[in-house]
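Dropping final38.csv in here (CSV, C-alpha atoms):
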chain,number,residue,atom,x,y,z
A,118,MET,CA,-9.8,5.5,25.3
A,119,ALA,CA,-7.7,6.9,22.4
A,120,GLU,CA,-9.3,7.0,19.0
A,121,PRO,CA,-7.8,4.6,16.4
A,122,TYR,CA,-5.3,6.0,13.9
A,123,LEU,CA,-7.5,5.0,10.9
A,124,ARG,CA,-11.3,4.6,11.2
A,125,ILE,CA,-13.4,3.2,8.4
A,126,GLU,CA,-17.2,3.2,8.9
A,127,LYS,CA,-19.8,1.6,6.7
A,128,LEU,CA,-17.6,2.0,3.6
A,129,THR,CA,-19.5,1.1,0.4
A,130,LYS,CA,-18.3,1.2,-3.2
A,131,VAL,CA,-20.5,0.5,-6.2
A,132,TYR,CA,-19.2,0.3,-9.8
A,133,GLU,CA,-20.9,0.3,-13.2
A,134,ARG,CA,-24.0,2.2,-12.4
A,135,GLY,CA,-25.0,0.1,-9.4
A,136,GLN,CA,-24.3,-3.2,-11.0
A,137,VAL,CA,-21.1,-4.2,-9.1
A,138,LEU,CA,-20.9,-4.0,-5.3
A,139,ALA,CA,-17.2,-4.0,-4.5
A,140,LEU,CA,-17.5,-3.1,-0.8
A,141,LYS,CA,-20.5,-3.3,1.4
A,142,ASP,CA,-20.9,-1.5,4.7
A,143,LEU,CA,-17.3,-2.2,5.7
A,144,SER,CA,-16.2,-1.0,9.1
A,145,LEU,CA,-12.6,-1.3,10.3
A,146,ASN,CA,-10.3,0.3,12.8
A,147,VAL,CA,-6.5,0.4,12.4
A,148,GLU,CA,-4.1,1.3,15.1
A,149,LYS,CA,-0.9,3.2,14.6
A,150,ARG,CA,2.2,1.0,13.8
A,151,GLU,CA,0.0,-2.0,12.9
A,152,PHE,CA,1.0,-4.3,10.0
A,153,LEU,CA,-2.4,-5.1,8.7
A,154,VAL,CA,-2.8,-7.6,5.9
A,155,VAL,CA,-6.0,-7.8,3.9
A,156,ILE,CA,-6.6,-11.2,2.2
A,157,GLY,CA,-9.2,-12.7,-0.1
A,158,LEU,CA,-9.9,-13.9,-3.6
A,159,SER,CA,-9.5,-11.7,-6.6
A,160,GLY,CA,-12.6,-9.4,-6.7
A,161,SER,CA,-13.1,-9.6,-3.0
A,162,GLY,CA,-12.6,-5.8,-2.6
A,163,LYS,CA,-9.0,-5.7,-1.4
A,164,SER,CA,-7.6,-3.2,-3.9
A,165,THR,CA,-10.8,-1.2,-3.8
A,166,LEU,CA,-10.4,-0.8,0.0
A,167,LEU,CA,-6.8,0.5,-0.3
A,168,ARG,CA,-7.7,2.9,-3.1
A,169,CYS,CA,-10.7,4.2,-1.3
A,170,ILE,CA,-8.5,5.0,1.7
A,171,ASN,CA,-6.3,7.4,-0.3
A,172,ARG,CA,-9.2,8.3,-2.6
A,173,LEU,CA,-7.6,7.1,-5.8
A,174,ILE,CA,-11.1,5.6,-6.0
A,175,GLU,CA,-14.0,7.7,-4.6
A,176,PRO,CA,-16.2,5.8,-2.1
A,177,THR,CA,-19.9,5.6,-2.9
A,178,SER,CA,-20.8,6.1,0.8
A,179,GLY,CA,-19.3,5.8,4.2
A,180,GLN,CA,-16.6,7.5,6.3
A,181,ILE,CA,-12.8,7.3,6.4
A,182,VAL,CA,-11.0,9.2,9.2
A,183,LEU,CA,-7.2,9.4,9.5
A,184,GLY,CA,-6.1,10.8,12.8
A,185,ASP,CA,-8.5,13.7,13.3
A,186,VAL,CA,-9.1,14.3,9.5
A,187,GLU,CA,-12.2,12.9,7.7
A,188,LEU,CA,-10.7,12.1,4.4
A,189,THR,CA,-14.1,11.5,2.7
A,190,ARG,CA,-15.0,15.1,3.2
A,191,LEU,CA,-11.8,16.7,1.9
A,192,SER,CA,-11.6,18.7,-1.3
A,193,GLN,CA,-9.4,17.3,-4.0
A,194,GLU,CA,-6.7,19.9,-3.2
A,195,ARG,CA,-6.7,19.1,0.5
A,196,MET,CA,-6.7,15.4,-0.3
A,197,ARG,CA,-3.6,15.8,-2.5
A,198,ARG,CA,-1.8,17.4,0.5
A,199,MET,CA,-3.0,14.5,2.8
A,200,ARG,CA,-1.5,12.0,0.4
A,201,ARG,CA,2.0,13.3,1.3
A,202,GLN,CA,1.8,11.1,4.4
A,203,MET,CA,0.3,8.2,2.6
A,204,GLY,CA,2.7,6.1,0.6
A,205,MET,CA,1.4,3.7,-2.1
A,206,ILE,CA,3.1,0.6,-3.6
A,207,PHE,CA,1.3,-0.8,-6.6
A,208,GLN,CA,0.9,-4.3,-8.0
A,209,GLN,CA,2.3,-3.3,-11.4
A,210,PHE,CA,5.0,-1.0,-10.0
A,211,ASN,CA,3.5,2.2,-11.6
A,212,LEU,CA,6.9,3.6,-12.7
A,213,ILE,CA,7.7,6.0,-15.5
A,214,ARG,CA,9.3,3.3,-17.6
A,215,ARG,CA,11.5,5.5,-19.8
A,216,SER,CA,12.8,7.6,-16.9
A,217,THR,CA,15.8,6.8,-14.8
A,218,VAL,CA,15.5,4.9,-11.5
A,219,VAL,CA,16.5,8.0,-9.5
A,220,ALA,CA,14.0,10.2,-11.4
A,221,ASN,CA,11.2,7.8,-10.4
A,222,VAL,CA,12.3,7.8,-6.8
A,223,LEU,CA,12.3,11.6,-6.7
A,224,THR,CA,8.6,11.7,-7.7
A,225,GLY,CA,7.9,10.8,-4.1
A,226,ARG,CA,8.7,14.4,-3.3
A,227,LEU,CA,6.3,16.0,-5.8
A,228,GLY,CA,3.6,16.5,-3.2
A,229,TYR,CA,6.0,18.7,-1.2
A,230,MET,CA,7.0,21.0,-4.0
A,231,PRO,CA,5.3,24.1,-5.6
A,232,GLY,CA,3.5,23.1,-8.8
A,233,TRP,CA,5.9,25.0,-11.2
A,234,LYS,CA,9.0,23.3,-9.7
A,235,ALA,CA,7.3,19.9,-9.9
A,236,MET,CA,6.5,20.4,-13.6
A,237,LEU,CA,10.1,21.4,-14.3
A,238,GLY,CA,11.5,18.6,-12.1
A,239,MET,CA,13.5,21.1,-10.0
A,240,PHE,CA,14.4,18.9,-7.1
A,241,SER,CA,16.7,20.2,-4.4
A,242,LYS,CA,20.2,18.8,-3.8
A,243,GLU,CA,19.0,17.5,-0.5
A,244,ASP,CA,16.2,15.6,-2.2
A,245,GLN,CA,18.6,14.2,-4.8
A,246,ALA,CA,20.9,13.0,-2.0
A,247,ARG,CA,18.0,11.4,-0.2
A,248,ALA,CA,16.9,9.6,-3.3
A,249,LEU,CA,20.3,8.0,-3.6
A,250,GLU,CA,20.3,7.1,0.1
A,251,ASN,CA,16.9,5.4,-0.3
A,252,LEU,CA,18.1,3.5,-3.4
A,253,ASP,CA,21.0,2.4,-1.2
A,254,ARG,CA,18.6,1.3,1.4
A,255,VAL,CA,16.9,-1.0,-1.1
A,256,GLY,CA,20.1,-2.2,-2.7
A,257,LEU,CA,19.8,-0.3,-6.0
A,258,ARG,CA,22.3,2.6,-5.7
A,259,GLU,CA,24.3,1.3,-8.7
A,260,LYS,CA,21.1,1.3,-10.8
A,261,ALA,CA,20.3,5.0,-10.1
A,262,TYR,CA,20.8,6.2,-13.7
A,263,VAL,CA,19.5,3.1,-15.5
A,264,ARG,CA,16.1,3.3,-17.2
A,265,ALA,CA,13.3,1.8,-15.0
A,266,ASP,CA,12.2,-0.5,-17.8
A,267,GLU,CA,15.6,-2.2,-17.8
A,268,LEU,CA,15.1,-3.6,-14.3
A,269,SER,CA,13.6,-6.9,-13.3
A,270,GLY,CA,10.2,-7.0,-11.6
A,271,GLY,CA,11.7,-7.3,-8.1
A,272,GLN,CA,14.0,-4.4,-8.8
A,273,GLN,CA,11.2,-2.2,-10.1
A,274,GLN,CA,9.2,-3.0,-6.9
A,275,ARG,CA,12.2,-1.9,-4.8
A,276,VAL,CA,12.2,1.4,-6.7
A,277,GLY,CA,8.6,1.8,-5.7
A,278,ILE,CA,9.6,1.2,-2.0
A,279,ALA,CA,12.4,3.8,-2.3
A,280,ARG,CA,9.8,6.3,-3.9
A,281,ALA,CA,7.5,5.7,-0.9
A,282,LEU,CA,10.4,6.3,1.5
A,283,MET,CA,10.9,9.7,-0.1
A,284,GLN,CA,7.5,10.7,1.3
A,285,ASP,CA,8.4,10.0,4.9
A,286,PRO,CA,4.9,8.3,5.1
A,287,GLU,CA,3.0,7.7,8.3
A,288,LEU,CA,0.8,5.2,6.4
A,289,LEU,CA,1.9,2.8,3.7
A,290,LEU,CA,-0.7,1.2,1.4
A,291,ALA,CA,0.7,-1.8,-0.5
A,292,ASP,CA,-1.7,-3.1,-3.2
A,293,GLU,CA,-0.7,-6.7,-4.0
A,294,PRO,CA,3.0,-5.7,-4.0
A,295,VAL,CA,4.3,-9.2,-4.7
A,296,SER,CA,1.7,-10.8,-6.9
A,297,ALA,CA,3.9,-10.4,-10.0
A,298,LEU,CA,7.1,-11.8,-8.3
A,299,ASP,CA,8.7,-15.1,-7.6
A,300,PRO,CA,8.6,-16.5,-4.0
A,301,ALA,CA,12.2,-15.5,-3.0
A,302,THR,CA,11.7,-12.0,-4.4
A,303,SER,CA,8.3,-11.8,-2.7
A,304,HIS,CA,10.0,-12.3,0.7
A,305,SER,CA,12.6,-9.7,0.1
A,306,ILE,CA,10.0,-7.1,-0.8
A,307,MET,CA,7.9,-8.0,2.2
A,308,GLN,CA,11.0,-7.7,4.4
A,309,TYR,CA,11.4,-4.1,3.3
A,310,LEU,CA,7.8,-3.3,4.3
A,311,GLU,CA,8.4,-5.1,7.6
A,312,TRP,CA,11.5,-2.9,8.1
A,313,MET,CA,9.5,0.3,7.5
A,314,ASN,CA,6.9,-0.9,10.0
A,315,ARG,CA,9.3,-2.0,12.7
A,316,GLU,CA,12.1,0.5,12.3
A,317,ARG,CA,10.4,3.6,10.9
A,318,GLY,CA,7.1,3.1,12.8
A,319,VAL,CA,5.1,3.3,9.6
A,320,THR,CA,1.5,1.8,9.7
A,321,VAL,CA,1.3,-0.7,6.9
A,322,ILE,CA,-1.9,-2.0,5.2
A,323,ALA,CA,-1.0,-4.6,2.5
A,324,SER,CA,-3.3,-6.7,0.4
A,325,LEU,CA,-2.0,-10.2,-0.4
A,326,HIS,CA,-3.3,-13.3,-2.1
A,327,PHE,CA,-1.2,-15.8,-0.1
A,328,LEU,CA,-2.1,-16.7,3.4
A,329,SER,CA,1.5,-17.9,4.2
A,330,LEU,CA,2.8,-14.4,3.5
A,331,ALA,CA,0.0,-12.9,5.5
A,332,ARG,CA,0.8,-15.1,8.5
A,333,ARG,CA,4.6,-14.4,8.3
A,334,TYR,CA,4.4,-10.6,8.1
A,335,GLY,CA,1.1,-9.4,9.4
A,336,THR,CA,0.4,-8.5,13.0
A,337,ARG,CA,-3.3,-8.8,12.1
A,338,ILE,CA,-5.4,-10.1,9.2
A,339,VAL,CA,-8.6,-8.9,7.8
A,340,ALA,CA,-10.3,-11.2,5.2
A,341,LEU,CA,-12.8,-10.0,2.6
A,342,LYS,CA,-15.3,-12.0,0.6
A,343,ASP,CA,-17.6,-10.4,-2.0
A,344,GLY,CA,-16.9,-7.0,-0.5
A,345,GLU,CA,-17.7,-8.0,3.1
A,346,GLN,CA,-15.5,-8.7,6.1
A,347,VAL,CA,-15.5,-12.3,7.1
A,348,PHE,CA,-12.5,-12.4,9.5
A,349,ASP,CA,-10.6,-9.9,11.6
A,350,GLY,CA,-8.0,-11.1,14.0
A,351,PRO,CA,-4.4,-12.5,14.6
A,352,PRO,CA,-2.9,-14.8,11.9
A,353,ALA,CA,-2.9,-17.8,14.2
A,354,GLU,CA,-6.7,-17.9,14.4
A,355,ILE,CA,-7.1,-18.7,10.7
A,356,ASP,CA,-7.4,-22.5,10.8
A,357,ASN,CA,-8.4,-24.8,7.9
A,358,ALA,CA,-12.1,-24.2,8.4
A,359,LYS,CA,-11.7,-20.4,8.3
A,360,PHE,CA,-9.4,-20.8,5.3
A,361,LYS,CA,-12.1,-22.7,3.4
A,362,GLU,CA,-14.7,-20.0,4.4
A,363,ILE,CA,-12.5,-17.3,3.0
A,364,TYR,CA,-11.2,-19.0,-0.2
A,365,GLY,CA,-13.8,-21.6,-0.9
A,366,GLU,CA,-14.3,-25.3,-0.1
A,367,ASP,CA,-12.1,-26.4,-3.1
A,368,ALA,CA,-9.2,-24.1,-2.3
A,369,GLU,CA,-5.8,-25.5,-1.3
A,370,GLU,CA,-3.3,-23.4,0.7
A,371,VAL,CA,-0.1,-22.7,-1.2
A,372,GLU,CA,3.0,-22.2,0.9
A,373,ILE,CA,5.4,-19.4,-0.2
A,374,ARG,CA,8.8,-20.3,1.1
What does this structure look like when you write it as structure tokens?
Amino acid sequence: MAEPYLRIEKLTKVYERGQVLALKDLSLNVEKREFLVVIGLSGSGKSTLLRCINRLIEPTSGQIVLGDVELTRLSQERMRRMRRQMGMIFQQFNLIRRSTVVANVLTGRLGYMPGWKAMLGMFSKEDQARALENLDRVGLREKAYVRADELSGGQQQRVGIARALMQDPELLLADEPVSALDPATSHSIMQYLEWMNRERGVTVIASLHFLSLARRYGTRIVALKDGEQVFDGPPAEIDNAKFKEIYGEDAEEVEIR
């Protein structure tokens, strides 16, 4: 039987000198081309999980293996090279606000460039053309030379998607990508992630607050509570009882239409 694309074993993360346990002995396999959605309350460990995978946060213990590479044993230099194939979309967009939209998109190629060229922003004509193509893909070609801070929240998140496309990622990590957006815009952003998954074959792991979005876009859902896994399965298996277990007895499901 083939090994899973991503294997996480006994992942633990402790913050603040042992006072806060964000993840506890979490084990999880992810197959290639899955659209995995991680749900749970704020503080359940969703963002920590995603950031441990690409080691923006260093795990306290445990093992993360992508393909045949154990990420948790790599040097910082080798990990930087591995991040070329790992796109990241952030909750608060993480753009260079005073730079143009196209300049932000081009930063998706920095991992492929020599350090001195990256520092000088010496992008090839091919990369510049691809940046415009990817902006066209997310409907923002006409905004290419506008400053990023002049865009709406939904537009800024689409810039983040275009930036991720520049990496040609095999794995896309989306950390609460729609939490700052209205419902209609949330669906448009999720549809771009769905397109990357279905048409580009990108494995997607997205953390979300809303179960309705998780059911609509995820092929599989993992739920975390207090840093531990409390559900792993298809969206249809989360009934009202399981919802209460994940979110609490007083929680009410909110539909995002």
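The closest residue to Arg315 (chain A), picked from A:Pro351, A:Ile278, A:Lys163, A:Thr336 and counting all atoms listed in the file, is A:Thr336.
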Give me the residues near region 267-271 of chain A as JSON, numbers by chain, where near means some atom within 12 Å (using all atoms listed in the file) and where sequence neighbours in that chain fewer than 2 positions away do not count.
{"A": [207, 208, 209, 210, 211, 212, 213, 214, 215, 216, 217, 218, 255, 256, 257, 259, 260, 261, 262, 263, 264, 265, 273, 274, 275, 276, 277, 278, 294, 295, 296, 297, 298, 299, 300, 301, 302, 303, 304, 305, 306, 307, 309]}
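Shortest separation to Phe327 (chain A) among A:Pro121, A:Gly365, A:Gly157, A:Gly184 occurs at residue A:Gly157, atoms counted being only C-alpha atoms.
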In Å, with one decimal, what is the gap from CA of Ile363 (chain A) to CA of Glu175 (chain A)?
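Computing the Euclidean distance for CA of Ile363 (chain A) and CA of Glu175 (chain A) yields 26.2 Å.
Take the candidates A:Lys342, A:Pro352, A:Glu194, A:Arg280 and check each one against Ala220 (chain A) using all atoms listed in the file; the shortest distance goes to A:Arg280.
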Near-Gln202 (chain A) list (8 Å; only C-alpha atoms; drop same-chain fewer than 6 positions) as a compact mmCIF listing (two decimals) with C-alpha atoms, in the coordinates of the input:
# COMPACT_ATOMS: atom_id res chain seq x y z
CA GLN A 284 7.50 10.70 1.30
CA ASP A 285 8.40 10.00 4.90
CA PRO A 286 4.90 8.30 5.10
CA GLU A 287 3.00 7.70 8.30
CA LEU A 288 0.80 5.20 6.40
Atomic separation - CA of Val155 (chain A) relative to CA of Ala340 (chain A), Å:
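Interatomic distance, CA of Ala340 (chain A) to CA of Val155 (chain A): 5.6 Å.
The space separating CA of Cys169 (chain A) from CA of His326 (chain A) comes to 19.0 Å.
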Top pick for closest residue to Ser144 (chain A), considering A:Ala353, A:Phe348, A:Gln245, A:Leu158 and counting only C-alpha atoms:
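Smallest separation from Ser144 (chain A) among the options: A:Phe348.
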Show me, as a ChimeraX atom specification, the residues that have an atom within 12 Å of Leu138 (chain A) when counting all atoms listed in the file, minus same-chain residues fewer than 2 positions from it.
/A:128-136,140-143,160-162,165,176-178,342-345
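Ranking A:Leu227, A:Ala246, A:Leu290, A:Leu167 by their shortest atom-to-atom distance to Arg197 (chain A), with only C-alpha atoms included, puts A:Leu227 first.
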Could you please give me, as a PyMOL selection string, the residues of protein, DNA or RNA lying at most 6 Å from (2.6, 0.2, 9.1) in the coordinate frame of the file, considering all atoms listed in the file?
chain A and resi 150-152+288+314+319-321
Nearest to Lys359 (chain A) among A:Leu252, A:Val339, A:Met205, A:Met283, with distances taken over all atoms listed in the file: which residue is it?
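Checking each of A:Leu252, A:Val339, A:Met205, A:Met283 against Lys359 (chain A), counting all atoms listed in the file, the winner is A:Val339.
A distance cut-off of 10 Å around (-6.5, 12.3, 10.3), counting all atoms listed in the file, selects these protein and nucleic acid residues: Pro121, Tyr122, Leu123, Arg124, Ile181, Val182, Leu183, Gly184, Asp185, Val186, Glu187, Leu188 and Met199 of chain A.
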Output file for the selection above: C-alpha atoms, as a JSON list (two decimals), keeping the file's coordinate frame:
[["chain", "number", "residue", "atom", "x", "y", "z"],
["A", 121, "PRO", "CA", -7.80, 4.60, 16.40],
["A", 122, "TYR", "CA", -5.30, 6.00, 13.90],
["A", 123, "LEU", "CA", -7.50, 5.00, 10.90],
["A", 124, "ARG", "CA", -11.30, 4.60, 11.20],
["A", 181, "ILE", "CA", -12.80, 7.30, 6.40],
["A", 182, "VAL", "CA", -11.00, 9.20, 9.20],
["A", 183, "LEU", "CA", -7.20, 9.40, 9.50],
["A", 184, "GLY", "CA", -6.10, 10.80, 12.80],
["A", 185, "ASP", "CA", -8.50, 13.70, 13.30],
["A", 186, "VAL", "CA", -9.10, 14.30, 9.50],
["A", 187, "GLU", "CA", -12.20, 12.90, 7.70],
["A", 188, "LEU", "CA", -10.70, 12.10, 4.40],
["A", 199, "MET", "CA", -3.00, 14.50, 2.80]]
